[in-house]
$ cat run_8.cif   # mmCIF, N, CA and C atoms
data_model
loop_
_atom_site.label_atom_id
_atom_site.label_comp_id
_atom_site.auth_asym_id
_atom_site.auth_seq_id
_atom_site.Cartn_x
_atom_site.Cartn_y
_atom_site.Cartn_z
N MET S 1 41.79 -5.56 32.75
CA MET S 1 40.78 -4.58 32.48
C MET S 1 40.80 -4.15 31.01
N LYS S 2 42.02 -3.93 30.47
CA LYS S 2 42.15 -3.54 29.07
C LYS S 2 41.57 -4.61 28.16
N LYS S 3 41.77 -5.88 28.56
CA LYS S 3 41.26 -6.99 27.76
C LYS S 3 39.73 -6.97 27.73
N LEU S 4 39.10 -6.70 28.89
CA LEU S 4 37.65 -6.64 28.98
C LEU S 4 37.10 -5.50 28.13
N VAL S 5 37.73 -4.33 28.21
CA VAL S 5 37.30 -3.18 27.40
C VAL S 5 37.43 -3.52 25.92
N ALA S 6 38.51 -4.17 25.53
CA ALA S 6 38.72 -4.54 24.13
C ALA S 6 37.65 -5.51 23.66
N VAL S 7 37.29 -6.49 24.51
CA VAL S 7 36.26 -7.47 24.15
C VAL S 7 34.90 -6.78 24.00
N VAL S 8 34.55 -5.92 24.95
CA VAL S 8 33.27 -5.20 24.88
C VAL S 8 33.23 -4.32 23.65
N PHE S 9 34.34 -3.61 23.37
CA PHE S 9 34.41 -2.74 22.19
C PHE S 9 34.24 -3.57 20.92
N ALA S 10 34.92 -4.69 20.84
CA ALA S 10 34.82 -5.55 19.66
C ALA S 10 33.40 -6.08 19.48
N ALA S 11 32.76 -6.44 20.58
CA ALA S 11 31.38 -6.94 20.51
C ALA S 11 30.44 -5.85 20.02
N CYS S 12 30.60 -4.64 20.54
CA CYS S 12 29.76 -3.51 20.11
C CYS S 12 29.97 -3.21 18.63
N CYS S 13 31.21 -3.22 18.19
CA CYS S 13 31.50 -2.99 16.77
C CYS S 13 30.87 -4.08 15.91
N GLY S 14 31.00 -5.30 16.36
CA GLY S 14 30.42 -6.42 15.62
C GLY S 14 28.92 -6.29 15.49
N LEU S 15 28.24 -5.91 16.56
CA LEU S 15 26.79 -5.73 16.51
C LEU S 15 26.41 -4.57 15.61
N THR S 16 27.18 -3.51 15.67
CA THR S 16 26.89 -2.34 14.83
C THR S 16 27.07 -2.69 13.36
N LEU S 17 28.15 -3.35 13.04
CA LEU S 17 28.43 -3.67 11.64
C LEU S 17 27.53 -4.78 11.12
N ALA S 18 27.02 -5.61 12.02
CA ALA S 18 26.16 -6.71 11.59
C ALA S 18 24.74 -6.26 11.30
N SER S 19 24.36 -5.08 11.77
CA SER S 19 22.99 -4.63 11.53
C SER S 19 22.80 -4.36 10.05
N PRO S 20 21.64 -4.72 9.52
CA PRO S 20 21.43 -4.60 8.08
C PRO S 20 21.41 -3.14 7.62
N ALA S 21 21.97 -2.92 6.45
CA ALA S 21 21.99 -1.56 5.89
C ALA S 21 20.58 -1.10 5.56
N ALA S 22 19.67 -2.03 5.34
CA ALA S 22 18.30 -1.67 4.99
C ALA S 22 17.54 -1.06 6.17
N ALA S 23 18.14 -1.07 7.35
CA ALA S 23 17.47 -0.50 8.52
C ALA S 23 17.35 1.02 8.42
N VAL S 24 18.10 1.62 7.52
CA VAL S 24 18.05 3.07 7.34
C VAL S 24 17.34 3.36 6.03
N ASP S 25 16.29 4.15 6.09
CA ASP S 25 15.55 4.55 4.89
C ASP S 25 15.80 6.02 4.63
N PHE S 26 15.94 6.36 3.37
CA PHE S 26 16.08 7.75 2.97
C PHE S 26 14.96 8.08 2.01
N GLY S 27 14.44 9.29 2.12
CA GLY S 27 13.38 9.71 1.22
C GLY S 27 13.26 11.21 1.19
N ILE S 28 12.20 11.65 0.57
CA ILE S 28 11.96 13.08 0.40
C ILE S 28 10.50 13.40 0.66
N THR S 29 10.23 14.68 0.78
CA THR S 29 8.86 15.18 0.80
C THR S 29 8.70 15.91 -0.52
N GLU S 30 7.97 15.32 -1.44
CA GLU S 30 7.92 15.84 -2.80
C GLU S 30 6.56 15.57 -3.41
N ASP S 31 5.91 16.62 -3.90
CA ASP S 31 4.61 16.47 -4.55
C ASP S 31 4.70 16.42 -6.07
N ASP S 32 5.89 16.63 -6.64
CA ASP S 32 6.02 16.59 -8.10
C ASP S 32 5.66 15.23 -8.67
N GLY S 33 5.75 14.21 -7.86
CA GLY S 33 5.38 12.88 -8.32
C GLY S 33 3.93 12.77 -8.72
N LYS S 34 3.10 13.69 -8.24
CA LYS S 34 1.69 13.66 -8.63
C LYS S 34 1.53 13.90 -10.13
N SER S 35 2.36 14.77 -10.69
CA SER S 35 2.22 15.10 -12.10
C SER S 35 3.14 14.27 -13.00
N ASN S 36 4.25 13.78 -12.47
CA ASN S 36 5.18 13.00 -13.28
C ASN S 36 5.85 11.91 -12.44
N PRO S 37 5.06 10.93 -11.99
CA PRO S 37 5.62 9.93 -11.07
C PRO S 37 6.72 9.08 -11.69
N GLU S 38 6.63 8.80 -12.99
CA GLU S 38 7.65 7.96 -13.61
C GLU S 38 9.04 8.57 -13.46
N LEU S 39 9.16 9.85 -13.77
CA LEU S 39 10.44 10.54 -13.68
C LEU S 39 10.92 10.67 -12.24
N VAL S 40 10.02 11.12 -11.35
CA VAL S 40 10.40 11.35 -9.95
C VAL S 40 10.86 10.06 -9.29
N PHE S 41 10.12 8.97 -9.48
CA PHE S 41 10.49 7.73 -8.80
C PHE S 41 11.70 7.07 -9.43
N ALA S 42 11.91 7.26 -10.72
CA ALA S 42 13.14 6.75 -11.34
C ALA S 42 14.34 7.46 -10.72
N GLU S 43 14.23 8.77 -10.53
CA GLU S 43 15.32 9.53 -9.91
C GLU S 43 15.53 9.13 -8.45
N LEU S 44 14.42 8.94 -7.72
CA LEU S 44 14.54 8.50 -6.33
C LEU S 44 15.25 7.15 -6.25
N SER S 45 14.87 6.24 -7.11
CA SER S 45 15.49 4.92 -7.12
C SER S 45 16.98 5.03 -7.43
N ASP S 46 17.33 5.87 -8.41
CA ASP S 46 18.74 6.06 -8.75
C ASP S 46 19.54 6.60 -7.57
N LEU S 47 18.89 7.41 -6.72
CA LEU S 47 19.56 7.97 -5.55
C LEU S 47 19.53 7.05 -4.34
N GLY S 48 18.84 5.91 -4.47
CA GLY S 48 18.76 4.96 -3.36
C GLY S 48 17.72 5.35 -2.31
N MET S 49 16.80 6.23 -2.67
CA MET S 49 15.78 6.66 -1.72
C MET S 49 14.58 5.73 -1.82
N THR S 50 13.94 5.49 -0.67
CA THR S 50 12.87 4.49 -0.63
C THR S 50 11.56 5.03 -0.07
N ARG S 51 11.47 6.33 0.17
CA ARG S 51 10.25 6.87 0.76
C ARG S 51 9.95 8.25 0.18
N ASN S 52 8.65 8.52 -0.04
CA ASN S 52 8.21 9.83 -0.49
C ASN S 52 6.98 10.24 0.31
N VAL S 53 7.09 11.37 1.00
CA VAL S 53 5.96 11.92 1.74
C VAL S 53 5.23 12.86 0.79
N VAL S 54 3.93 12.62 0.63
CA VAL S 54 3.10 13.38 -0.30
C VAL S 54 1.98 14.06 0.46
N ARG S 55 1.72 15.29 0.11
CA ARG S 55 0.66 16.07 0.75
C ARG S 55 -0.70 15.73 0.12
N ILE S 56 -1.68 15.45 1.00
CA ILE S 56 -3.08 15.34 0.56
C ILE S 56 -3.90 16.25 1.46
N THR S 57 -5.01 16.74 0.94
CA THR S 57 -5.78 17.75 1.67
C THR S 57 -7.19 17.27 1.94
N TRP S 58 -7.60 17.45 3.20
CA TRP S 58 -8.99 17.16 3.60
C TRP S 58 -9.75 18.48 3.64
N ASP S 59 -10.92 18.48 3.01
CA ASP S 59 -11.77 19.67 2.96
C ASP S 59 -13.00 19.42 3.84
N ALA S 60 -13.08 20.10 4.96
CA ALA S 60 -14.21 19.91 5.88
C ALA S 60 -15.54 20.32 5.26
N ALA S 61 -15.49 21.18 4.25
CA ALA S 61 -16.72 21.57 3.56
C ALA S 61 -17.25 20.42 2.70
N ARG S 62 -16.37 19.51 2.32
CA ARG S 62 -16.73 18.31 1.55
C ARG S 62 -16.07 17.12 2.24
N PRO S 63 -16.54 16.77 3.44
CA PRO S 63 -15.81 15.83 4.30
C PRO S 63 -15.68 14.41 3.78
N THR S 64 -16.46 14.02 2.80
CA THR S 64 -16.36 12.65 2.29
C THR S 64 -15.67 12.58 0.92
N ALA S 65 -15.39 13.73 0.34
CA ALA S 65 -14.78 13.75 -1.00
C ALA S 65 -13.30 13.37 -0.93
N LEU S 66 -12.90 12.49 -1.82
CA LEU S 66 -11.48 12.16 -1.93
C LEU S 66 -10.70 13.40 -2.36
N PRO S 67 -9.40 13.41 -2.20
CA PRO S 67 -8.63 14.56 -2.64
C PRO S 67 -8.88 14.83 -4.12
N PRO S 68 -8.91 16.09 -4.52
CA PRO S 68 -9.20 16.42 -5.93
C PRO S 68 -8.20 15.80 -6.91
N GLU S 69 -6.99 15.50 -6.44
CA GLU S 69 -5.98 14.92 -7.30
C GLU S 69 -5.97 13.39 -7.21
N ALA S 70 -7.11 12.79 -6.91
CA ALA S 70 -7.18 11.34 -6.70
C ALA S 70 -6.65 10.54 -7.89
N GLU S 71 -6.96 10.97 -9.11
CA GLU S 71 -6.47 10.23 -10.28
C GLU S 71 -4.95 10.31 -10.38
N GLN S 72 -4.39 11.46 -10.05
CA GLN S 72 -2.93 11.58 -10.04
C GLN S 72 -2.33 10.68 -8.96
N LEU S 73 -3.00 10.62 -7.81
CA LEU S 73 -2.52 9.77 -6.73
C LEU S 73 -2.58 8.29 -7.11
N ASP S 74 -3.58 7.90 -7.90
CA ASP S 74 -3.65 6.52 -8.39
C ASP S 74 -2.38 6.18 -9.15
N ARG S 75 -1.99 7.05 -10.05
CA ARG S 75 -0.78 6.85 -10.87
C ARG S 75 0.48 6.88 -10.01
N LEU S 76 0.52 7.84 -9.10
CA LEU S 76 1.68 8.00 -8.21
C LEU S 76 1.90 6.75 -7.38
N VAL S 77 0.85 6.25 -6.76
CA VAL S 77 0.97 5.06 -5.90
C VAL S 77 1.39 3.84 -6.73
N ALA S 78 0.83 3.69 -7.91
CA ALA S 78 1.20 2.55 -8.77
C ALA S 78 2.67 2.63 -9.17
N GLN S 79 3.13 3.80 -9.56
CA GLN S 79 4.53 3.96 -9.96
C GLN S 79 5.48 3.78 -8.78
N ALA S 80 5.06 4.23 -7.61
CA ALA S 80 5.89 4.06 -6.41
C ALA S 80 6.13 2.58 -6.15
N GLU S 81 5.08 1.79 -6.27
CA GLU S 81 5.21 0.34 -6.08
C GLU S 81 6.19 -0.25 -7.07
N THR S 82 6.08 0.16 -8.33
CA THR S 82 6.96 -0.33 -9.39
C THR S 82 8.43 -0.05 -9.07
N HIS S 83 8.69 1.11 -8.45
CA HIS S 83 10.06 1.52 -8.17
C HIS S 83 10.51 1.20 -6.74
N GLY S 84 9.65 0.52 -5.97
CA GLY S 84 10.02 0.15 -4.61
C GLY S 84 10.09 1.33 -3.65
N VAL S 85 9.25 2.34 -3.90
CA VAL S 85 9.22 3.53 -3.05
C VAL S 85 7.97 3.49 -2.19
N GLU S 86 8.14 3.67 -0.88
CA GLU S 86 7.01 3.72 0.04
C GLU S 86 6.41 5.12 0.01
N ILE S 87 5.10 5.19 -0.10
CA ILE S 87 4.40 6.48 -0.05
C ILE S 87 3.87 6.70 1.35
N VAL S 88 4.04 7.90 1.85
CA VAL S 88 3.47 8.35 3.12
C VAL S 88 2.58 9.53 2.80
N PHE S 89 1.35 9.51 3.27
CA PHE S 89 0.45 10.64 3.07
C PHE S 89 0.51 11.58 4.26
N ALA S 90 0.81 12.84 4.01
CA ALA S 90 0.75 13.89 5.02
C ALA S 90 -0.57 14.61 4.80
N VAL S 91 -1.47 14.52 5.78
CA VAL S 91 -2.80 15.09 5.66
C VAL S 91 -2.78 16.54 6.14
N TYR S 92 -3.22 17.41 5.28
CA TYR S 92 -3.35 18.83 5.60
C TYR S 92 -4.82 19.22 5.54
N LEU S 93 -5.16 20.28 6.25
CA LEU S 93 -6.52 20.81 6.22
C LEU S 93 -6.61 21.88 5.14
N LYS S 94 -7.70 21.86 4.38
CA LYS S 94 -7.87 22.89 3.36
C LYS S 94 -8.00 24.26 4.01
N ARG S 95 -8.73 24.31 5.11
CA ARG S 95 -8.90 25.56 5.86
C ARG S 95 -8.59 25.28 7.33
N SER S 96 -7.71 26.06 7.90
CA SER S 96 -7.34 25.81 9.30
C SER S 96 -8.50 26.05 10.25
N VAL S 97 -9.46 26.89 9.85
CA VAL S 97 -10.62 27.14 10.72
C VAL S 97 -11.53 25.92 10.82
N ALA S 98 -11.31 24.96 9.95
CA ALA S 98 -12.12 23.74 9.96
C ALA S 98 -11.37 22.60 10.64
N ALA S 99 -10.48 22.92 11.54
CA ALA S 99 -9.72 21.90 12.25
C ALA S 99 -10.66 20.95 12.98
N PRO S 100 -10.28 19.68 13.06
CA PRO S 100 -11.15 18.70 13.72
C PRO S 100 -11.13 18.86 15.25
N THR S 101 -11.87 19.86 15.72
CA THR S 101 -11.90 20.15 17.15
C THR S 101 -13.21 19.72 17.81
N THR S 102 -14.15 19.26 17.02
CA THR S 102 -15.41 18.75 17.58
C THR S 102 -15.49 17.25 17.30
N ARG S 103 -16.34 16.57 18.01
CA ARG S 103 -16.51 15.13 17.78
C ARG S 103 -16.95 14.84 16.35
N LEU S 104 -17.83 15.69 15.83
CA LEU S 104 -18.30 15.49 14.46
C LEU S 104 -17.14 15.61 13.47
N ARG S 105 -16.35 16.66 13.61
CA ARG S 105 -15.21 16.86 12.68
C ARG S 105 -14.18 15.73 12.81
N VAL S 106 -13.92 15.30 14.03
CA VAL S 106 -12.98 14.20 14.24
C VAL S 106 -13.50 12.94 13.54
N ALA S 107 -14.79 12.66 13.70
CA ALA S 107 -15.39 11.49 13.07
C ALA S 107 -15.34 11.61 11.54
N GLN S 108 -15.60 12.81 11.03
CA GLN S 108 -15.55 13.02 9.58
C GLN S 108 -14.14 12.80 9.04
N LEU S 109 -13.14 13.36 9.73
CA LEU S 109 -11.76 13.19 9.30
C LEU S 109 -11.35 11.72 9.38
N ALA S 110 -11.74 11.04 10.43
CA ALA S 110 -11.40 9.61 10.58
C ALA S 110 -12.05 8.78 9.48
N THR S 111 -13.30 9.07 9.16
CA THR S 111 -14.01 8.36 8.09
C THR S 111 -13.33 8.61 6.75
N TRP S 112 -12.96 9.86 6.50
CA TRP S 112 -12.28 10.23 5.25
C TRP S 112 -10.93 9.52 5.15
N THR S 113 -10.18 9.51 6.25
CA THR S 113 -8.87 8.86 6.25
C THR S 113 -9.00 7.36 5.99
N ALA S 114 -10.02 6.75 6.57
CA ALA S 114 -10.27 5.33 6.32
C ALA S 114 -10.59 5.08 4.85
N GLU S 115 -11.36 5.99 4.25
CA GLU S 115 -11.69 5.86 2.82
C GLU S 115 -10.43 6.01 1.96
N VAL S 116 -9.58 6.95 2.31
CA VAL S 116 -8.32 7.13 1.60
C VAL S 116 -7.47 5.87 1.73
N ALA S 117 -7.43 5.29 2.92
CA ALA S 117 -6.65 4.07 3.15
C ALA S 117 -7.20 2.90 2.32
N ARG S 118 -8.51 2.84 2.15
CA ARG S 118 -9.11 1.79 1.31
C ARG S 118 -8.79 2.01 -0.16
N ARG S 119 -8.79 3.27 -0.59
CA ARG S 119 -8.51 3.58 -2.00
C ARG S 119 -7.06 3.24 -2.36
N TRP S 120 -6.13 3.52 -1.43
CA TRP S 120 -4.71 3.27 -1.66
C TRP S 120 -4.16 2.38 -0.54
N PRO S 121 -4.48 1.09 -0.59
CA PRO S 121 -4.11 0.20 0.53
C PRO S 121 -2.61 -0.01 0.72
N THR S 122 -1.81 0.29 -0.28
CA THR S 122 -0.36 0.12 -0.09
C THR S 122 0.24 1.29 0.68
N VAL S 123 -0.52 2.36 0.85
CA VAL S 123 -0.06 3.47 1.68
C VAL S 123 -0.45 3.12 3.11
N ARG S 124 0.55 2.88 3.92
CA ARG S 124 0.29 2.40 5.29
C ARG S 124 0.65 3.42 6.37
N THR S 125 1.25 4.53 5.96
CA THR S 125 1.64 5.53 6.93
C THR S 125 1.00 6.86 6.59
N PHE S 126 0.38 7.46 7.60
CA PHE S 126 -0.27 8.76 7.45
C PHE S 126 0.29 9.70 8.51
N ILE S 127 0.53 10.93 8.13
CA ILE S 127 0.91 11.97 9.07
C ILE S 127 -0.32 12.85 9.22
N GLY S 128 -0.85 12.92 10.42
CA GLY S 128 -2.11 13.64 10.65
C GLY S 128 -1.91 15.14 10.79
N PRO S 129 -2.99 15.87 10.55
CA PRO S 129 -2.91 17.32 10.72
C PRO S 129 -2.76 17.68 12.20
N ASN S 130 -2.15 18.82 12.44
CA ASN S 130 -2.04 19.26 13.83
C ASN S 130 -2.67 20.62 14.02
#

$ encode --input "run_8.cif" --output "structure tokens"
Amino acid sequence: MKKLVAVVFAACCGLTLASPAAAVDFGITEDDGKSNPELVFAELSDLGMTRNVVRITWDAARPTALPPEAEQLDRLVAQAETHGVEIVFAVYLKRSVAAPTTRLRVAQLATWTAEVARRWPTVRTFIGPN
């Protein structure tokens, strides 16, 4: 019995140690990269971090307008690619009273999100508003 336990334990250890270290990603939620992406992503790379969650805002009063900081996001996304950092967009509502609770608002938010995805195709992960 002890031999069986030892074999199972050794097999489990072997599987655990054989799993690639890249399976674990570390990152931050940081918007400073919008104004100075070169510095932020250089620091992230030095720390071994590979992901940055960035806040973007949808305005139901202007449902088709890209985020006002679109030009900053262009630079941020380009620099993230250069430094091997994955960008995740966390979508927030400009006004909570404009939450997508009707079919029209849901369609507008979905259309806007699709447009954002087309503008920044390397951003593949979105965190939706709740």

$ select_by_dssp --input "run_8.cif" --residues "chain S" --states "strand (DSSP E or B)" --output "list in words"
Gly27, Ile28, Thr29, Arg51, Asn52, Val53, Val54, Arg55, Ile56, Thr57, Trp58, Glu86, Ile87, Val88, Phe89, Ala90, Val91, Tyr92, Leu93, Thr125, Phe126 and Ile127 of chain S

$ select_by_dssp --input "run_8.cif" --residues "stretch 49-107 of chain S" --states "alpha helix (DSSP H)" --output "PyMOL selection string"
chain S and resi 70-83+103-107

$ write_last_selection --input "run_8.cif" --atoms "N, CA and C atoms" --output "PDB file, keeping the file's coordinate frame"
ATOM      1  N   ALA S  70      -7.110  12.790  -6.910  1.00  0.00           N
ATOM      2  CA  ALA S  70      -7.180  11.340  -6.700  1.00  0.00           C
ATOM      3  C   ALA S  70      -6.650  10.540  -7.890  1.00  0.00           C
ATOM      4  N   GLU S  71      -6.960  10.970  -9.110  1.00  0.00           N
ATOM      5  CA  GLU S  71      -6.470  10.230 -10.280  1.00  0.00           C
ATOM      6  C   GLU S  71      -4.950  10.310 -10.380  1.00  0.00           C
ATOM      7  N   GLN S  72      -4.390  11.460 -10.050  1.00  0.00           N
ATOM      8  CA  GLN S  72      -2.930  11.580 -10.040  1.00  0.00           C
ATOM      9  C   GLN S  72      -2.330  10.680  -8.960  1.00  0.00           C
ATOM     10  N   LEU S  73      -3.000  10.620  -7.810  1.00  0.00           N
ATOM     11  CA  LEU S  73      -2.520   9.770  -6.730  1.00  0.00           C
ATOM     12  C   LEU S  73      -2.580   8.290  -7.110  1.00  0.00           C
ATOM     13  N   ASP S  74      -3.580   7.900  -7.900  1.00  0.00           N
ATOM     14  CA  ASP S  74      -3.650   6.520  -8.390  1.00  0.00           C
ATOM     15  C   ASP S  74      -2.380   6.180  -9.150  1.00  0.00           C
ATOM     16  N   ARG S  75      -1.990   7.050 -10.050  1.00  0.00           N
ATOM     17  CA  ARG S  75      -0.780   6.850 -10.870  1.00  0.00           C
ATOM     18  C   ARG S  75       0.480   6.880 -10.010  1.00  0.00           C
ATOM     19  N   LEU S  76       0.520   7.840  -9.100  1.00  0.00           N
ATOM     20  CA  LEU S  76       1.680   8.000  -8.210  1.00  0.00           C
ATOM     21  C   LEU S  76       1.900   6.750  -7.380  1.00  0.00           C
ATOM     22  N   VAL S  77       0.850   6.250  -6.760  1.00  0.00           N
ATOM     23  CA  VAL S  77       0.970   5.060  -5.900  1.00  0.00           C
ATOM     24  C   VAL S  77       1.390   3.840  -6.730  1.00  0.00           C
ATOM     25  N   ALA S  78       0.830   3.690  -7.910  1.00  0.00           N
ATOM     26  CA  ALA S  78       1.200   2.550  -8.770  1.00  0.00           C
ATOM     27  C   ALA S  78       2.670   2.630  -9.170  1.00  0.00           C
ATOM     28  N   GLN S  79       3.130   3.800  -9.560  1.00  0.00           N
ATOM     29  CA  GLN S  79       4.530   3.960  -9.960  1.00  0.00           C
ATOM     30  C   GLN S  79       5.480   3.780  -8.780  1.00  0.00           C
ATOM     31  N   ALA S  80       5.060   4.230  -7.610  1.00  0.00           N
ATOM     32  CA  ALA S  80       5.890   4.060  -6.410  1.00  0.00           C
ATOM     33  C   ALA S  80       6.130   2.580  -6.150  1.00  0.00           C
ATOM     34  N   GLU S  81       5.080   1.790  -6.270  1.00  0.00           N
ATOM     35  CA  GLU S  81       5.210   0.340  -6.080  1.00  0.00           C
ATOM     36  C   GLU S  81       6.190  -0.250  -7.070  1.00  0.00           C
ATOM     37  N   THR S  82       6.080   0.160  -8.330  1.00  0.00           N
ATOM     38  CA  THR S  82       6.960  -0.330  -9.390  1.00  0.00           C
ATOM     39  C   THR S  82       8.430  -0.050  -9.070  1.00  0.00           C
ATOM     40  N   HIS S  83       8.690   1.110  -8.450  1.00  0.00           N
ATOM     41  CA  HIS S  83      10.060   1.520  -8.170  1.00  0.00           C
ATOM     42  C   HIS S  83      10.510   1.200  -6.740  1.00  0.00           C
ATOM     43  N   ARG S 103     -16.340  16.570  18.010  1.00  0.00           N
ATOM     44  CA  ARG S 103     -16.510  15.130  17.780  1.00  0.00           C
ATOM     45  C   ARG S 103     -16.950  14.840  16.350  1.00  0.00           C
ATOM     46  N   LEU S 104     -17.830  15.690  15.830  1.00  0.00           N
ATOM     47  CA  LEU S 104     -18.300  15.490  14.460  1.00  0.00           C
ATOM     48  C   LEU S 104     -17.140  15.610  13.470  1.00  0.00           C
ATOM     49  N   ARG S 105     -16.350  16.660  13.610  1.00  0.00           N
ATOM     50  CA  ARG S 105     -15.210  16.860  12.680  1.00  0.00           C
ATOM     51  C   ARG S 105     -14.180  15.730  12.810  1.00  0.00           C
ATOM     52  N   VAL S 106     -13.920  15.300  14.030  1.00  0.00           N
ATOM     53  CA  VAL S 106     -12.980  14.200  14.240  1.00  0.00           C
ATOM     54  C   VAL S 106     -13.500  12.940  13.540  1.00  0.00           C
ATOM     55  N   ALA S 107     -14.790  12.660  13.700  1.00  0.00           N
ATOM     56  CA  ALA S 107     -15.390  11.490  13.070  1.00  0.00           C
ATOM     57  C   ALA S 107     -15.340  11.610  11.540  1.00  0.00           C
TER      58      ALA S 107
END

$ resolve_selection --input "run_8.cif" --expression "the PyMOL selection byres ((chain S and resi 41) around 8)" --output "ChimeraX atom specification"
/S:32-33,36-40,42-47,79-80,82-85

$ write_last_selection --input "run_8.cif" --atoms "N, CA and C atoms" --output "CSV table (one decimal), in the coordinates of the input"
chain,number,residue,atom,x,y,z
S,32,ASP,N,5.9,16.6,-6.6
S,32,ASP,CA,6.0,16.6,-8.1
S,32,ASP,C,5.7,15.2,-8.7
S,33,GLY,N,5.8,14.2,-7.9
S,33,GLY,CA,5.4,12.9,-8.3
S,33,GLY,C,3.9,12.8,-8.7
S,36,ASN,N,4.2,13.8,-12.5
S,36,ASN,CA,5.2,13.0,-13.3
S,36,ASN,C,5.8,11.9,-12.4
S,37,PRO,N,5.1,10.9,-12.0
S,37,PRO,CA,5.6,9.9,-11.1
S,37,PRO,C,6.7,9.1,-11.7
S,38,GLU,N,6.6,8.8,-13.0
S,38,GLU,CA,7.6,8.0,-13.6
S,38,GLU,C,9.0,8.6,-13.5
S,39,LEU,N,9.2,9.8,-13.8
S,39,LEU,CA,10.4,10.5,-13.7
S,39,LEU,C,10.9,10.7,-12.2
S,40,VAL,N,10.0,11.1,-11.4
S,40,VAL,CA,10.4,11.4,-10.0
S,40,VAL,C,10.9,10.1,-9.3
S,42,ALA,N,11.9,7.3,-10.7
S,42,ALA,CA,13.1,6.8,-11.3
S,42,ALA,C,14.3,7.5,-10.7
S,43,GLU,N,14.2,8.8,-10.5
S,43,GLU,CA,15.3,9.5,-9.9
S,43,GLU,C,15.5,9.1,-8.4
S,44,LEU,N,14.4,8.9,-7.7
S,44,LEU,CA,14.5,8.5,-6.3
S,44,LEU,C,15.2,7.2,-6.2
S,45,SER,N,14.9,6.2,-7.1
S,45,SER,CA,15.5,4.9,-7.1
S,45,SER,C,17.0,5.0,-7.4
S,46,ASP,N,17.3,5.9,-8.4
S,46,ASP,CA,18.7,6.1,-8.8
S,46,ASP,C,19.5,6.6,-7.6
S,47,LEU,N,18.9,7.4,-6.7
S,47,LEU,CA,19.6,8.0,-5.6
S,47,LEU,C,19.5,7.0,-4.3
S,79,GLN,N,3.1,3.8,-9.6
S,79,GLN,CA,4.5,4.0,-10.0
S,79,GLN,C,5.5,3.8,-8.8
S,80,ALA,N,5.1,4.2,-7.6
S,80,ALA,CA,5.9,4.1,-6.4
S,80,ALA,C,6.1,2.6,-6.2
S,82,THR,N,6.1,0.2,-8.3
S,82,THR,CA,7.0,-0.3,-9.4
S,82,THR,C,8.4,0.0,-9.1
S,83,HIS,N,8.7,1.1,-8.4
S,83,HIS,CA,10.1,1.5,-8.2
S,83,HIS,C,10.5,1.2,-6.7
S,84,GLY,N,9.6,0.5,-6.0
S,84,GLY,CA,10.0,0.2,-4.6
S,84,GLY,C,10.1,1.3,-3.6
S,85,VAL,N,9.2,2.3,-3.9
S,85,VAL,CA,9.2,3.5,-3.0
S,85,VAL,C,8.0,3.5,-2.2

$ residues_around --input "run_8.cif" --residues "stretch 59-73 of chain S" --least-positions-apart "2" --cutoff "6.5 Å" --atoms "only N, CA and C atoms" --output "PyMOL selection string"
chain S and resi 34-35+56-57+75-78+93-95+98+108+112

$ resolve_selection --input "run_8.cif" --expression "the PyMOL selection byres ((chain S and resi 113-130) around 7)" --output "ChimeraX atom specification"
/S:66,86-93,108-112

$ residues_around --input "run_8.cif" --residues "S:Glu30" --least-positions-apart "6" --cutoff "7 Å" --atoms "all atoms listed in the file" --output "ChimeraX atom specification"
/S:52-55

$ atom_distance --input "run_8.cif" --atom1 "atom CA of S:Arg51" --atom2 "atom CA of S:Ser96"
27.2 Å

$ atom_distance --input "run_8.cif" --atom1 "atom CA of S:Ile28" --atom2 "atom CA of S:Asp74"
19.1 Å

$ atom_distance --input "run_8.cif" --atom1 "atom C of S:Pro100" --atom2 "atom C of S:Thr29"
25.5 Å

$ axis_aligned_box --input "run_8.cif" --around "stretch 94-99 of chain S" --padding-each-side "5 Å" --output "AutoDock Vina command-line options"
--center_x -9.7 --center_y 24.0 --center_z 8.2 --size_x 14.8 --size_y 16.2 --size_z 19.6
